[in-house]
Structures are given as structure tokens and as C-alpha cells.
>>> print(open('protein_35.pdb').read())   # PDB, C-alpha atoms
ATOM      1  CA  GLU A   9     110.213 -12.751 -37.548  1.00  0.00           C
ATOM      2  CA  ILE A  10     108.358 -13.538 -40.775  1.00  0.00           C
ATOM      3  CA  TYR A  11     105.942 -16.259 -41.793  1.00  0.00           C
ATOM      4  CA  THR A  12     105.483 -17.538 -45.372  1.00  0.00           C
ATOM      5  CA  LEU A  13     102.237 -19.235 -46.440  1.00  0.00           C
ATOM      6  CA  SER A  14     101.825 -20.991 -49.782  1.00  0.00           C
ATOM      7  CA  LEU A  15      98.088 -21.780 -49.563  1.00  0.00           C
ATOM      8  CA  HIS A  16      97.075 -18.795 -51.650  1.00  0.00           C
ATOM      9  CA  ASP A  17      98.880 -16.143 -53.625  1.00  0.00           C
ATOM     10  CA  ALA A  18      96.657 -13.436 -52.130  1.00  0.00           C
ATOM     11  CA  LEU A  19      98.378 -13.779 -48.768  1.00  0.00           C
ATOM     12  CA  PRO A  20     101.323 -11.459 -48.239  1.00  0.00           C
ATOM     13  CA  ILE A  21     104.776 -12.874 -47.608  1.00  0.00           C
ATOM     14  CA  TYR A  22     105.409 -10.925 -44.394  1.00  0.00           C
ATOM     15  CA  GLN A  23     103.143 -11.243 -41.373  1.00  0.00           C
ATOM     16  CA  PRO A  24     103.769 -11.514 -37.601  1.00  0.00           C
ATOM     17  CA  ARG A  25     103.831 -15.243 -37.008  1.00  0.00           C
ATOM     18  CA  VAL A  26     102.094 -15.505 -33.622  1.00  0.00           C
ATOM     19  CA  GLU A  27      99.055 -13.415 -34.532  1.00  0.00           C
ATOM     20  CA  PHE A  28      98.603 -15.091 -37.887  1.00  0.00           C
ATOM     21  CA  MET A  29      98.995 -18.653 -36.576  1.00  0.00           C
ATOM     22  CA  SER A  30      96.545 -17.880 -33.763  1.00  0.00           C
ATOM     23  CA  ALA A  31      94.011 -16.637 -36.327  1.00  0.00           C
ATOM     24  CA  LEU A  32      94.393 -19.834 -38.364  1.00  0.00           C
ATOM     25  CA  SER A  33      93.784 -21.905 -35.232  1.00  0.00           C
ATOM     26  CA  VAL A  34      90.573 -19.985 -34.489  1.00  0.00           C
ATOM     27  CA  LEU A  35      89.295 -20.572 -38.024  1.00  0.00           C
ATOM     28  CA  ALA A  36      90.300 -24.241 -37.878  1.00  0.00           C
ATOM     29  CA  LEU A  37      88.309 -24.741 -34.662  1.00  0.00           C
ATOM     30  CA  LYS A  38      85.366 -22.964 -36.246  1.00  0.00           C
ATOM     31  CA  SER A  39      85.439 -25.517 -39.084  1.00  0.00           C
ATOM     32  CA  LEU A  40      85.635 -28.639 -36.914  1.00  0.00           C
ATOM     33  CA  ASP A  41      82.555 -30.879 -36.781  1.00  0.00           C
ATOM     34  CA  PHE A  42      82.854 -32.091 -33.183  1.00  0.00           C
ATOM     35  CA  GLU A  43      79.481 -33.837 -33.267  1.00  0.00           C
ATOM     36  CA  GLY A  44      80.469 -35.822 -36.344  1.00  0.00           C
ATOM     37  CA  LEU A  45      83.811 -36.819 -34.862  1.00  0.00           C
ATOM     38  CA  MET A  46      82.203 -37.974 -31.607  1.00  0.00           C
ATOM     39  CA  SER A  47      79.515 -39.964 -33.440  1.00  0.00           C
ATOM     40  CA  GLY A  48      82.044 -41.947 -35.493  1.00  0.00           C
ATOM     41  CA  ARG A  49      81.598 -40.114 -38.808  1.00  0.00           C
ATOM     42  CA  ALA A  50      85.306 -39.345 -38.892  1.00  0.00           C
ATOM     43  CA  ASN A  51      85.862 -39.533 -42.643  1.00  0.00           C
ATOM     44  CA  SER A  52      82.939 -37.288 -43.576  1.00  0.00           C
ATOM     45  CA  SER A  53      83.846 -34.922 -40.738  1.00  0.00           C
ATOM     46  CA  VAL A  54      87.430 -34.577 -41.997  1.00  0.00           C
ATOM     47  CA  GLU A  55      86.229 -33.882 -45.525  1.00  0.00           C
ATOM     48  CA  LYS A  56      83.749 -31.290 -44.228  1.00  0.00           C
ATOM     49  CA  PHE A  57      86.472 -29.704 -42.122  1.00  0.00           C
ATOM     50  CA  GLU A  58      88.809 -29.386 -45.099  1.00  0.00           C
ATOM     51  CA  THR A  59      86.070 -27.828 -47.238  1.00  0.00           C
ATOM     52  CA  ASP A  60      84.870 -25.407 -44.569  1.00  0.00           C
ATOM     53  CA  TYR A  61      88.399 -24.427 -43.590  1.00  0.00           C
ATOM     54  CA  ILE A  62      89.496 -23.690 -47.154  1.00  0.00           C
ATOM     55  CA  ASN A  63      86.316 -21.682 -47.736  1.00  0.00           C
ATOM     56  CA  LEU A  64      87.090 -19.559 -44.683  1.00  0.00           C
ATOM     57  CA  ILE A  65      90.627 -18.634 -45.773  1.00  0.00           C
ATOM     58  CA  ASP A  66      90.467 -18.901 -49.560  1.00  0.00           C
ATOM     59  CA  GLY A  67      90.990 -15.591 -51.304  1.00  0.00           C
ATOM     60  CA  LYS A  68      91.757 -13.709 -48.082  1.00  0.00           C
ATOM     61  CA  THR A  69      94.835 -11.717 -47.263  1.00  0.00           C
ATOM     62  CA  ALA A  70      96.581 -12.338 -43.949  1.00  0.00           C
ATOM     63  CA  ASP A  71      94.950  -9.195 -42.518  1.00  0.00           C
ATOM     64  CA  GLU A  72      91.533 -10.475 -43.620  1.00  0.00           C
ATOM     65  CA  VAL A  73      92.211 -13.885 -42.015  1.00  0.00           C
ATOM     66  CA  ILE A  74      93.100 -12.154 -38.744  1.00  0.00           C
ATOM     67  CA  ALA A  75      90.023  -9.933 -38.974  1.00  0.00           C
ATOM     68  CA  ALA A  76      87.769 -12.968 -39.596  1.00  0.00           C
ATOM     69  CA  ALA A  77      89.272 -14.731 -36.592  1.00  0.00           C
ATOM     70  CA  ASN A  78      88.757 -11.632 -34.435  1.00  0.00           C
ATOM     71  CA  ARG A  79      85.081 -11.488 -35.439  1.00  0.00           C
ATOM     72  CA  ILE A  80      84.620 -15.153 -34.502  1.00  0.00           C
ATOM     73  CA  THR A  81      86.367 -14.564 -31.175  1.00  0.00           C
ATOM     74  CA  GLU A  82      84.181 -11.547 -30.390  1.00  0.00           C
ATOM     75  CA  GLU A  83      81.017 -13.459 -31.350  1.00  0.00           C
ATOM     76  CA  ARG A  84      82.074 -16.305 -29.069  1.00  0.00           C
ATOM     77  CA  LYS A  85      82.728 -13.891 -26.196  1.00  0.00           C
ATOM     78  CA  ALA A  86      79.309 -12.303 -26.723  1.00  0.00           C
ATOM     79  CA  GLU A  87      77.633 -15.732 -26.666  1.00  0.00           C
ATOM     80  CA  GLU A  88      79.530 -16.705 -23.513  1.00  0.00           C
ATOM     81  CA  ARG A  89      78.526 -13.463 -21.789  1.00  0.00           C
ATOM     82  CA  ALA A  90      74.881 -13.881 -22.803  1.00  0.00           C
ATOM     83  CA  GLN A  91      74.897 -17.431 -21.418  1.00  0.00           C
ATOM     84  CA  ALA A  92      76.613 -16.242 -18.234  1.00  0.00           C
ATOM     85  CA  ILE A  93      73.995 -13.520 -17.698  1.00  0.00           C
ATOM     86  CA  ARG A  94      71.203 -16.093 -18.129  1.00  0.00           C
ATOM     87  CA  GLU A  95      72.870 -18.291 -15.519  1.00  0.00           C
ATOM     88  CA  ILE A  96      73.384 -15.309 -13.188  1.00  0.00           C
ATOM     89  CA  ASN A  97      69.670 -14.493 -13.403  1.00  0.00           C
ATOM     90  CA  GLU A  98      68.760 -18.128 -12.674  1.00  0.00           C
ATOM     91  CA  LEU A  99      71.097 -18.245  -9.665  1.00  0.00           C
ATOM     92  CA  GLU A 100      69.760 -14.964  -8.298  1.00  0.00           C
ATOM     93  CA  GLU A 101      66.191 -16.283  -8.602  1.00  0.00           C
ATOM     94  CA  LYS A 102      67.342 -19.421  -6.805  1.00  0.00           C
ATOM     95  CA  ARG A 103      68.910 -17.296  -4.045  1.00  0.00           C
ATOM     96  CA  GLU A 104      65.680 -15.334  -3.631  1.00  0.00           C
ATOM     97  CA  ARG A 105      63.652 -18.563  -3.341  1.00  0.00           C
ATOM     98  CA  ALA A 106      66.056 -19.770  -0.644  1.00  0.00           C
ATOM     99  CA  LYS A 107      65.554 -16.512   1.289  1.00  0.00           C
ATOM    100  CA  GLN A 108      61.794 -16.931   1.128  1.00  0.00           C
ATOM    101  CA  ALA A 109      62.195 -20.591   2.140  1.00  0.00           C
ATOM    102  CA  THR A 110      64.027 -19.552   5.323  1.00  0.00           C
ATOM    103  CA  SER A 111      60.979 -17.503   6.314  1.00  0.00           C
ATOM    104  CA  GLU A 112      58.562 -20.286   5.395  1.00  0.00           C
ATOM    105  CA  SER A 113      60.563 -22.909   7.296  1.00  0.00           C
ATOM    106  CA  LYS A 114      59.800 -21.139  10.584  1.00  0.00           C
ATOM    107  CA  LYS A 115      56.110 -21.919  10.073  1.00  0.00           C
ATOM    108  CA  ILE A 116      56.776 -25.598  10.742  1.00  0.00           C
ATOM    109  CA  LYS A 117      57.618 -25.476  14.414  1.00  0.00           C
ATOM    110  CA  VAL A 118      59.713 -28.041  16.246  1.00  0.00           C
ATOM    111  CA  LEU A 119      58.129 -27.732  19.700  1.00  0.00           C
ATOM    112  CA  ARG A 120      60.282 -30.392  21.324  1.00  0.00           C
ATOM    113  CA  SER A 121      63.306 -32.458  20.330  1.00  0.00           C
ATOM    114  CA  ARG A 122      65.185 -35.137  22.200  1.00  0.00           C
ATOM    115  CA  PHE A 123      67.950 -37.651  21.420  1.00  0.00           C
ATOM    116  CA  TYR A 124      68.643 -40.846  23.349  1.00  0.00           C
ATOM    117  CA  ILE A 125      70.077 -44.323  22.931  1.00  0.00           C
ATOM    118  CA  GLU A 126      67.585 -47.163  23.212  1.00  0.00           C
ATOM    119  CA  GLU A 127      68.739 -50.609  24.232  1.00  0.00           C
ATOM    120  CA  GLY A 128      68.146 -53.176  21.513  1.00  0.00           C
ATOM    121  CA  ARG A 129      68.362 -56.950  21.264  1.00  0.00           C
ATOM    122  CA  ILE A 130      71.337 -56.916  18.917  1.00  0.00           C
ATOM    123  CA  ARG A 131      72.587 -53.357  19.114  1.00  0.00           C
ATOM    124  CA  ASP A 132      71.631 -50.167  20.902  1.00  0.00           C
ATOM    125  CA  GLU A 133      69.757 -47.803  18.609  1.00  0.00           C
ATOM    126  CA  PRO A 134      69.676 -43.995  18.480  1.00  0.00           C
ATOM    127  CA  VAL A 135      66.242 -42.407  18.692  1.00  0.00           C
ATOM    128  CA  ILE A 136      65.198 -38.886  17.781  1.00  0.00           C
ATOM    129  CA  GLU A 137      61.961 -37.744  19.377  1.00  0.00           C
ATOM    130  CA  LEU A 138      60.139 -34.792  17.849  1.00  0.00           C
ATOM    131  CA  ASN A 139      56.990 -32.836  18.525  1.00  0.00           C
ATOM    132  CA  VAL A 140      56.107 -30.791  15.428  1.00  0.00           C
ATOM    133  CA  LYS A 141      53.308 -28.376  14.505  1.00  0.00           C
ATOM    134  CA  ASN A 142      52.386 -27.317  10.981  1.00  0.00           C
ATOM    135  CA  ASP A 143      51.529 -23.610  10.748  1.00  0.00           C
ATOM    136  CA  LEU A 144      52.526 -23.438   7.094  1.00  0.00           C
ATOM    137  CA  GLY A 145      49.013 -23.175   5.708  1.00  0.00           C
ATOM    138  CA  VAL A 146      49.273 -26.245   3.437  1.00  0.00           C
ATOM    139  CA  ALA A 147      49.510 -29.961   4.109  1.00  0.00           C
ATOM    140  CA  VAL A 148      52.994 -31.509   4.072  1.00  0.00           C
ATOM    141  CA  SER A 149      53.906 -35.093   3.237  1.00  0.00           C
ATOM    142  CA  ARG A 150      57.598 -35.126   4.174  1.00  0.00           C
ATOM    143  CA  ILE A 151      59.776 -32.896   6.325  1.00  0.00           C
ATOM    144  CA  PHE A 152      63.560 -32.565   6.141  1.00  0.00           C
ATOM    145  CA  PHE A 153      65.411 -31.591   9.312  1.00  0.00           C
ATOM    146  CA  GLU A 154      68.904 -30.513  10.362  1.00  0.00           C
ATOM    147  CA  GLY A 155      69.826 -31.623  13.873  1.00  0.00           C
ATOM    148  CA  THR A 156      72.661 -30.589  16.167  1.00  0.00           C
ATOM    149  CA  LEU A 157      73.500 -32.575  19.281  1.00  0.00           C
ATOM    150  CA  ALA A 158      75.726 -30.527  21.584  1.00  0.00           C
ATOM    151  CA  SER A 159      76.629 -29.815  25.194  1.00  0.00           C
ATOM    152  CA  PRO A 160      76.241 -26.270  26.553  1.00  0.00           C
ATOM    153  CA  THR A 161      79.869 -26.163  27.734  1.00  0.00           C
ATOM    154  CA  ARG A 162      81.436 -27.440  24.463  1.00  0.00           C
ATOM    155  CA  SER A 163      82.013 -25.547  21.196  1.00  0.00           C
ATOM    156  CA  ILE A 164      82.033 -28.655  18.977  1.00  0.00           C
ATOM    157  CA  PRO A 165      78.820 -30.717  18.714  1.00  0.00           C
ATOM    158  CA  TRP A 166      78.725 -34.443  19.339  1.00  0.00           C
ATOM    159  CA  CYS A 167      76.821 -34.915  16.112  1.00  0.00           C
ATOM    160  CA  LYS A 168      75.333 -32.761  13.373  1.00  0.00           C
ATOM    161  CA  GLY A 169      73.395 -33.997  10.378  1.00  0.00           C
ATOM    162  CA  GLY A 170      70.238 -34.144   8.356  1.00  0.00           C
ATOM    163  CA  PHE A 171      67.354 -36.567   8.476  1.00  0.00           C
ATOM    164  CA  ASN A 172      63.827 -36.639   7.086  1.00  0.00           C
ATOM    165  CA  TYR A 173      60.482 -38.247   7.748  1.00  0.00           C
ATOM    166  CA  SER A 174      57.726 -39.263   5.339  1.00  0.00           C
ATOM    167  CA  ILE A 175      54.549 -38.628   7.338  1.00  0.00           C
ATOM    168  CA  PRO A 176      51.816 -41.285   7.067  1.00  0.00           C
ATOM    169  CA  GLY A 177      48.678 -39.389   6.068  1.00  0.00           C
ATOM    170  CA  GLY A 178      50.625 -36.133   6.020  1.00  0.00           C
ATOM    171  CA  LEU A 179      50.444 -33.239   8.450  1.00  0.00           C
ATOM    172  CA  GLU A 180      47.551 -30.869   7.770  1.00  0.00           C
ATOM    173  CA  PRO A 181      47.618 -27.114   8.511  1.00  0.00           C
ATOM    174  CA  GLY A 182      47.304 -26.518  12.244  1.00  0.00           C
ATOM    175  CA  GLU A 183      47.981 -30.176  13.120  1.00  0.00           C
ATOM    176  CA  GLU A 184      50.527 -31.247  15.708  1.00  0.00           C
ATOM    177  CA  ALA A 185      52.240 -34.643  15.871  1.00  0.00           C
ATOM    178  CA  SER A 186      54.883 -36.499  17.891  1.00  0.00           C
ATOM    179  CA  TRP A 187      57.295 -39.006  16.347  1.00  0.00           C
ATOM    180  CA  SER A 188      60.066 -41.313  17.530  1.00  0.00           C
ATOM    181  CA  LEU A 189      62.461 -41.712  14.606  1.00  0.00           C
ATOM    182  CA  THR A 190      65.348 -44.120  14.074  1.00  0.00           C
ATOM    183  CA  PRO A 191      68.020 -42.444  11.899  1.00  0.00           C
ATOM    184  CA  ASN A 192      69.488 -44.098   8.808  1.00  0.00           C
ATOM    185  CA  ARG A 193      72.011 -46.758   9.840  1.00  0.00           C
ATOM    186  CA  LYS A 194      74.674 -45.176   7.633  1.00  0.00           C
ATOM    187  CA  SER A 195      74.329 -41.771   9.291  1.00  0.00           C
ATOM    188  CA  ASP A 196      76.596 -40.294  11.974  1.00  0.00           C
ATOM    189  CA  TRP A 197      73.766 -40.513  14.518  1.00  0.00           C
ATOM    190  CA  TRP A 198      74.597 -44.186  15.037  1.00  0.00           C
ATOM    191  CA  ASP A 199      78.092 -43.260  16.234  1.00  0.00           C
ATOM    192  CA  ALA A 200      76.932 -40.532  18.604  1.00  0.00           C
ATOM    193  CA  ASN A 201      77.558 -41.236  22.270  1.00  0.00           C
ATOM    194  CA  PRO A 202      76.716 -37.959  24.021  1.00  0.00           C
ATOM    195  CA  PRO A 203      76.847 -37.255  27.754  1.00  0.00           C
ATOM    196  CA  ALA A 204      73.741 -36.682  29.835  1.00  0.00           C
ATOM    197  CA  ASP A 205      73.883 -32.881  29.420  1.00  0.00           C
ATOM    198  CA  ALA A 206      73.753 -33.000  25.589  1.00  0.00           C
ATOM    199  CA  VAL A 207      70.843 -31.149  23.977  1.00  0.00           C
ATOM    200  CA  LEU A 208      69.340 -31.790  20.545  1.00  0.00           C
ATOM    201  CA  THR A 209      68.262 -28.736  18.557  1.00  0.00           C
ATOM    202  CA  VAL A 210      66.405 -29.280  15.298  1.00  0.00           C
ATOM    203  CA  VAL A 211      65.498 -26.900  12.467  1.00  0.00           C
ATOM    204  CA  VAL A 212      63.348 -27.529   9.401  1.00  0.00           C
ATOM    205  CA  ILE A 213      65.138 -27.048   6.066  1.00  0.00           C
ATOM    206  CA  ARG A 214      62.584 -28.410   3.580  1.00  0.00           C
ATOM    207  CA  ALA A 215      58.977 -29.550   3.386  1.00  0.00           C
ATOM    208  CA  ASP A 216      57.245 -31.411   0.562  1.00  0.00           C
ATOM    209  CA  GLY A 217      53.588 -30.836  -0.180  1.00  0.00           C
ATOM    210  CA  ALA A 218      50.822 -33.337  -0.881  1.00  0.00           C
ATOM    211  CA  ASP A 219      52.123 -33.704  -4.470  1.00  0.00           C
ATOM    212  CA  GLY A 220      55.581 -34.693  -3.234  1.00  0.00           C
ATOM    213  CA  LYS A 221      57.176 -31.493  -4.546  1.00  0.00           C
ATOM    214  CA  PRO A 222      59.047 -29.059  -2.279  1.00  0.00           C
ATOM    215  CA  VAL A 223      56.912 -26.316  -0.752  1.00  0.00           C
ATOM    216  CA  PHE A 224      60.201 -24.677   0.280  1.00  0.00           C
ATOM    217  CA  ASP A 225      63.865 -25.678   0.393  1.00  0.00           C
ATOM    218  CA  VAL A 226      66.290 -23.631   2.473  1.00  0.00           C
ATOM    219  CA  ASP A 227      69.288 -25.470   0.984  1.00  0.00           C
ATOM    220  CA  GLU A 228      68.275 -24.866  -2.639  1.00  0.00           C
ATOM    221  CA  PHE A 229      70.946 -22.155  -2.929  1.00  0.00           C
ATOM    222  CA  GLY A 230      74.050 -23.800  -1.502  1.00  0.00           C
ATOM    223  CA  ASP A 231      77.741 -22.934  -1.161  1.00  0.00           C
ATOM    224  CA  ARG A 232      78.512 -24.167  -4.676  1.00  0.00           C
ATOM    225  CA  ASP A 233      75.817 -21.867  -6.091  1.00  0.00           C
ATOM    226  CA  LYS A 234      77.165 -18.920  -4.062  1.00  0.00           C
ATOM    227  CA  GLU A 235      80.682 -19.425  -5.393  1.00  0.00           C
ATOM    228  CA  ARG A 236      79.436 -19.921  -8.960  1.00  0.00           C
ATOM    229  CA  LEU A 237      77.421 -16.694  -8.791  1.00  0.00           C
ATOM    230  CA  ARG A 238      80.393 -14.790  -7.407  1.00  0.00           C
ATOM    231  CA  LEU A 239      82.719 -16.017 -10.168  1.00  0.00           C
ATOM    232  CA  LEU A 240      80.222 -15.306 -12.959  1.00  0.00           C
ATOM    233  CA  LYS A 241      79.599 -11.767 -11.736  1.00  0.00           C
ATOM    234  CA  GLU A 242      83.302 -11.125 -11.283  1.00  0.00           C
ATOM    235  CA  ARG A 243      84.122 -12.387 -14.767  1.00  0.00           C
ATOM    236  CA  HIS A 244      81.220 -11.096 -16.830  1.00  0.00           C
ATOM    237  CA  MET A 245      79.756  -8.111 -14.989  1.00  0.00           C
ATOM    238  CA  ALA A 246      82.808  -6.404 -13.509  1.00  0.00           C
ATOM    239  CA  ASN A 247      82.613  -3.698 -16.137  1.00  0.00           C
TER     240      ASN A 247
END
>>> encode(input="protein_35.pdb", output="C-alpha cells")
Amino acid sequence: EIYTLSLHDALPIYQPRVEFMSALSVLALKSLDFEGLMSGRANSSVEKFETDYINLIDGKTADEVIAAANRITEERKAEERAQAIREINELEEKRERAKQATSESKKIKVLRSRFYIEEGRIRDEPVIELNVKNDLGVAVSRIFFEGTLASPTRSIPWCKGGFNYSIPGGLEPGEEASWSLTPNRKSDWWDANPPADAVLTVVVIRADGADGKPVFDVDEFGDRDKERLRLLKERHMAN
């Protein structure tokens, strides 16, 4: 199959159509002013595109057009790989912080946890009782928890979910405090109706310092990050 181009006499008459047309598409995309088109400068963007596109192909043979397109494609691949490696490094740093956070989280100890339903005037309310000690070494202003309400003889919990508490005056290093918390009304805790043998276990997943910023965050590196890191490594670092 042959392809004839009349844009310039320097182009040969015979050239594999698919490869040549693909090269022209690459050069056309290179010439497009996407920012101008998106900002409403359509006319000037079209004129710029025509000028840039002609400059890219003018005076070139078909082989030279294909070679120019190949260079652009390789440059783009190199840029994509460089960006992917930067993101991989960021995700690996994030994963390492999450590992350290798991160790730090154990320094805020949940000494006692209990869940019960308290009778209210309008509606019965769930209550989470906690006794917590701060052995972290710094003061904390808010603690984020993950609770699981389950029976010893059942494999599926009655309720599992997160909740947090902003501590009035904070919790200083070495301090111990007891709280009775009412979960958010939109949370699953309001629908929990466990039997008498149900036990509440609570773990700490994040703590904010006196400045309101996280001291640690176990969930910083989540499932989405894990899958993203796996895909990036598979695609860009397999070789």
C-alpha cells in the first residue's frame, strides 16, 4: 500500500501508510496549543498550530518526519518515566512513614474500651467509653481510633468503624484520661445492636500534636497507594 503527500516536493511518493500517518499525528499533537484552546483563544491557537506544524514537517522527507516523530515519542516516554520514578519515591517514603506510624501508635495505649446503649429521652444513644494513656512523648490534641465491636463466637463483627476525639486541653506525655464519647449520628455505631457478650476493641490510627498536625498516621499509605505503587513499578521499573 502506498501513500501520496502533496505538502512538499521533498517527500517521496512511496511510504508505508500506517507508519507515516502515525508520525504526522505525533507531530500534530506536538504542535497543538491545548492551553490556548481551553482558555478560549481558539483562533490564535489554530494559527499557531498551523505555523508550528508546517515548521515541523516543511523540507523533511518522509523518513525524516518519521524520525522526528520517534524522537518526540522517546522524549515523552523518558519524561513519563522520570515522573513515574519521582512518584514511586514519594510513595515509598509515604509507606515508610506509615510503618513508623504503626510503631508510634502503640505508644498511645487504650487501657479500657466499652460500648453500650444509653437510654435517651427521644432516642437511645450509643456510647463509647475509653481509658487512654499517652506514652508518646509529646502532647496530643486529637486522637483518631478504629473500633471493632464483635462477639467471641462470631467471625463477623457487629460494627467496625473509625471515630475521633478532640481533647479539651490536650493529653500531655504520661497523662491518662477517661472519656465517654457519643459517635457521629451518621456513623454505623448508631445502628449497632450487639448482644451482651459483645466486646469493643479499639486501636489508635492517628494522633495530632499541639499544632493540629499529625504526629503519626497509620492510614497515610492506604490500599489505593499500594496499588498505585505496584502498577508504577510494574510499568516503569520492570526492566
>>> closest_residue(input="protein_35.pdb", among="A:Ala204, A:Ala218, A:Ile93, A:Ala75", to="Glu242 of chain A", atoms="all atoms listed in the file")
A:Ile93
>>> closest_atom_pairs(input="protein_35.pdb", of="segment 169-235 of chain A", to="segment 141-153 of chain A", cutoff="10 Å", atoms="all atoms listed in the file", output="CSV")
residue,atom,partner,partner_atom,distance
A:Gly169,CA,A:Phe153,CA,8.4
A:Gly170,CA,A:Phe153,CA,5.5
A:Phe171,CA,A:Phe153,CA,5.4
A:Asn172,CA,A:Phe152,CA,4.2
A:Tyr173,CA,A:Arg150,CA,5.6
A:Ser174,CA,A:Arg150,CA,4.3
A:Ile175,CA,A:Ser149,CA,5.5
A:Pro176,CA,A:Ser149,CA,7.6
A:Gly177,CA,A:Ser149,CA,7.3
A:Gly178,CA,A:Ser149,CA,4.4
A:Leu179,CA,A:Val148,CA,5.4
A:Glu180,CA,A:Ala147,CA,4.3
A:Pro181,CA,A:Gly145,CA,5.0
A:Gly182,CA,A:Asn142,CA,5.3
A:Glu183,CA,A:Asn142,CA,5.7
A:Glu184,CA,A:Lys141,CA,4.2
A:Ala185,CA,A:Lys141,CA,6.5
A:Ser186,CA,A:Lys141,CA,8.9
A:Val210,CA,A:Phe153,CA,6.5
A:Val211,CA,A:Phe153,CA,5.7
A:Val212,CA,A:Phe153,CA,4.6
A:Ile213,CA,A:Phe153,CA,5.6
A:Arg214,CA,A:Phe152,CA,5.0
A:Ala215,CA,A:Ile151,CA,4.5
A:Asp216,CA,A:Arg150,CA,5.2
A:Gly217,CA,A:Val148,CA,4.3
A:Ala218,CA,A:Ser149,CA,5.4
A:Asp219,CA,A:Ser149,CA,8.0
A:Gly220,CA,A:Ser149,CA,6.7
A:Lys221,CA,A:Ser149,CA,9.2
A:Pro222,CA,A:Arg150,CA,9.0
A:Val223,CA,A:Val148,CA,8.1
A:Asp225,CA,A:Phe152,CA,9.0
>>> residues_around(input="protein_35.pdb", residues="Arg193 of chain A", least_positions_apart="6", cutoff="10 Å", atoms="all atoms listed in the file", output="PyMOL selection string")
chain A and resi 133-134+199
>>> residues_around(input="protein_35.pdb", residues="Ala158 of chain A", least_positions_apart="6", cutoff="6 Å", atoms="only C-alpha atoms", output="list in words")
Pro165, Trp166, Ala206 and Val207 of chain A
>>> atom_distance(input="protein_35.pdb", atom1="atom CA of Lys241 of chain A", atom2="atom CA of Ala92 of chain A")
8.4 Å
>>> atom_distance(input="protein_35.pdb", atom1="atom CA of Arg238 of chain A", atom2="atom CA of Phe224 of chain A")
23.8 Å
>>> atom_distance(input="protein_35.pdb", atom1="atom CA of Ala77 of chain A", atom2="atom CA of Arg243 of chain A")
22.5 Å
>>> closest_residue(input="protein_35.pdb", among="A:Ala109, A:Lys194, A:Val140, A:Arg131", to="Phe229 of chain A", atoms="all atoms listed in the file")
A:Ala109
>>> resolve_selection(input="protein_35.pdb", expression="the PyMOL selection byres ((chain A and resi 237) around 12)", output="PyMOL selection string")
chain A and resi 92-103+229-236+238-245
>>> residues_near_point(input="protein_35.pdb", point="(85.6, -16.5, -29.1)", cutoff="12 Å", atoms="only C-alpha atoms", output="VMD selection string")
chain A and resid 30 to 31 33 to 35 37 to 38 76 to 89
>>> residues_around(input="protein_35.pdb", residues="Asn139 of chain A", least_positions_apart="3", cutoff="7 Å", atoms="only C-alpha atoms", output="list in words")
Val118, Leu119, Arg120, Ser121, Ala185, Ser186 and Trp187 of chain A
>>> closest_residue(input="protein_35.pdb", among="A:Asp66, A:Asp227, A:Asp71, A:Asp132", to="Glu27 of chain A", atoms="all atoms listed in the file")
A:Asp71
>>> closest_residue(input="protein_35.pdb", among="A:Pro202, A:Pro191, A:Gly67, A:Gly155", to="Lys168 of chain A", atoms="only C-alpha atoms")
A:Gly155
>>> decode(input="protein_35.pdb", residues="segment 121-125 of chain A", atoms="all heavy atoms", output="PDB file, in the first residue's frame")
ATOM      1  N   SER A 121     -11.802  -0.208  76.966  1.00  0.00           N
ATOM      2  CA  SER A 121     -12.802   0.254  75.990  1.00  0.00           C
ATOM      3  C   SER A 121     -14.104  -0.512  76.209  1.00  0.00           C
ATOM      4  O   SER A 121     -14.092  -1.717  76.491  1.00  0.00           O
ATOM      5  CB  SER A 121     -12.299   0.041  74.568  1.00  0.00           C
ATOM      6  OG  SER A 121     -11.974  -1.306  74.329  1.00  0.00           O
ATOM      7  N   ARG A 122     -15.194   0.225  76.080  1.00  0.00           N
ATOM      8  CA  ARG A 122     -16.501  -0.381  76.328  1.00  0.00           C
ATOM      9  C   ARG A 122     -17.547   0.312  75.460  1.00  0.00           C
ATOM     10  O   ARG A 122     -17.494   1.532  75.262  1.00  0.00           O
ATOM     11  CB  ARG A 122     -16.881  -0.243  77.798  1.00  0.00           C
ATOM     12  CG  ARG A 122     -18.247  -0.826  78.159  1.00  0.00           C
ATOM     13  CD  ARG A 122     -18.610  -0.505  79.584  1.00  0.00           C
ATOM     14  NE  ARG A 122     -19.990  -0.878  79.889  1.00  0.00           N
ATOM     15  CZ  ARG A 122     -20.791  -0.218  80.711  1.00  0.00           C
ATOM     16  NH1 ARG A 122     -20.339   0.878  81.338  1.00  0.00           N
ATOM     17  NH2 ARG A 122     -22.022  -0.609  80.941  1.00  0.00           N
ATOM     18  N   PHE A 123     -18.499  -0.471  74.947  1.00  0.00           N
ATOM     19  CA  PHE A 123     -19.607   0.068  74.155  1.00  0.00           C
ATOM     20  C   PHE A 123     -20.924  -0.322  74.816  1.00  0.00           C
ATOM     21  O   PHE A 123     -21.100  -1.470  75.219  1.00  0.00           O
ATOM     22  CB  PHE A 123     -19.564  -0.493  72.727  1.00  0.00           C
ATOM     23  CG  PHE A 123     -20.710  -0.041  71.858  1.00  0.00           C
ATOM     24  CD1 PHE A 123     -20.609   1.120  71.103  1.00  0.00           C
ATOM     25  CD2 PHE A 123     -21.886  -0.782  71.785  1.00  0.00           C
ATOM     26  CE1 PHE A 123     -21.664   1.531  70.297  1.00  0.00           C
ATOM     27  CE2 PHE A 123     -22.947  -0.373  70.992  1.00  0.00           C
ATOM     28  CZ  PHE A 123     -22.829   0.789  70.236  1.00  0.00           C
ATOM     29  N   TYR A 124     -21.843   0.642  74.907  1.00  0.00           N
ATOM     30  CA  TYR A 124     -23.175   0.324  75.423  1.00  0.00           C
ATOM     31  C   TYR A 124     -24.189   1.316  74.862  1.00  0.00           C
ATOM     32  O   TYR A 124     -23.837   2.363  74.305  1.00  0.00           O
ATOM     33  CB  TYR A 124     -23.203   0.326  76.964  1.00  0.00           C
ATOM     34  CG  TYR A 124     -22.877   1.664  77.600  1.00  0.00           C
ATOM     35  CD1 TYR A 124     -23.884   2.580  77.904  1.00  0.00           C
ATOM     36  CD2 TYR A 124     -21.560   2.000  77.922  1.00  0.00           C
ATOM     37  CE1 TYR A 124     -23.577   3.796  78.503  1.00  0.00           C
ATOM     38  CE2 TYR A 124     -21.254   3.202  78.517  1.00  0.00           C
ATOM     39  CZ  TYR A 124     -22.265   4.104  78.803  1.00  0.00           C
ATOM     40  OH  TYR A 124     -21.972   5.316  79.391  1.00  0.00           O
ATOM     41  N   ILE A 125     -25.449   0.953  74.999  1.00  0.00           N
ATOM     42  CA  ILE A 125     -26.545   1.807  74.549  1.00  0.00           C
ATOM     43  C   ILE A 125     -27.149   2.486  75.768  1.00  0.00           C
ATOM     44  O   ILE A 125     -27.559   1.825  76.729  1.00  0.00           O
ATOM     45  CB  ILE A 125     -27.629   0.992  73.809  1.00  0.00           C
ATOM     46  CG1 ILE A 125     -27.029   0.217  72.632  1.00  0.00           C
ATOM     47  CG2 ILE A 125     -28.739   1.922  73.324  1.00  0.00           C
ATOM     48  CD1 ILE A 125     -26.444   1.070  71.543  1.00  0.00           C
TER      49      ILE A 125
END
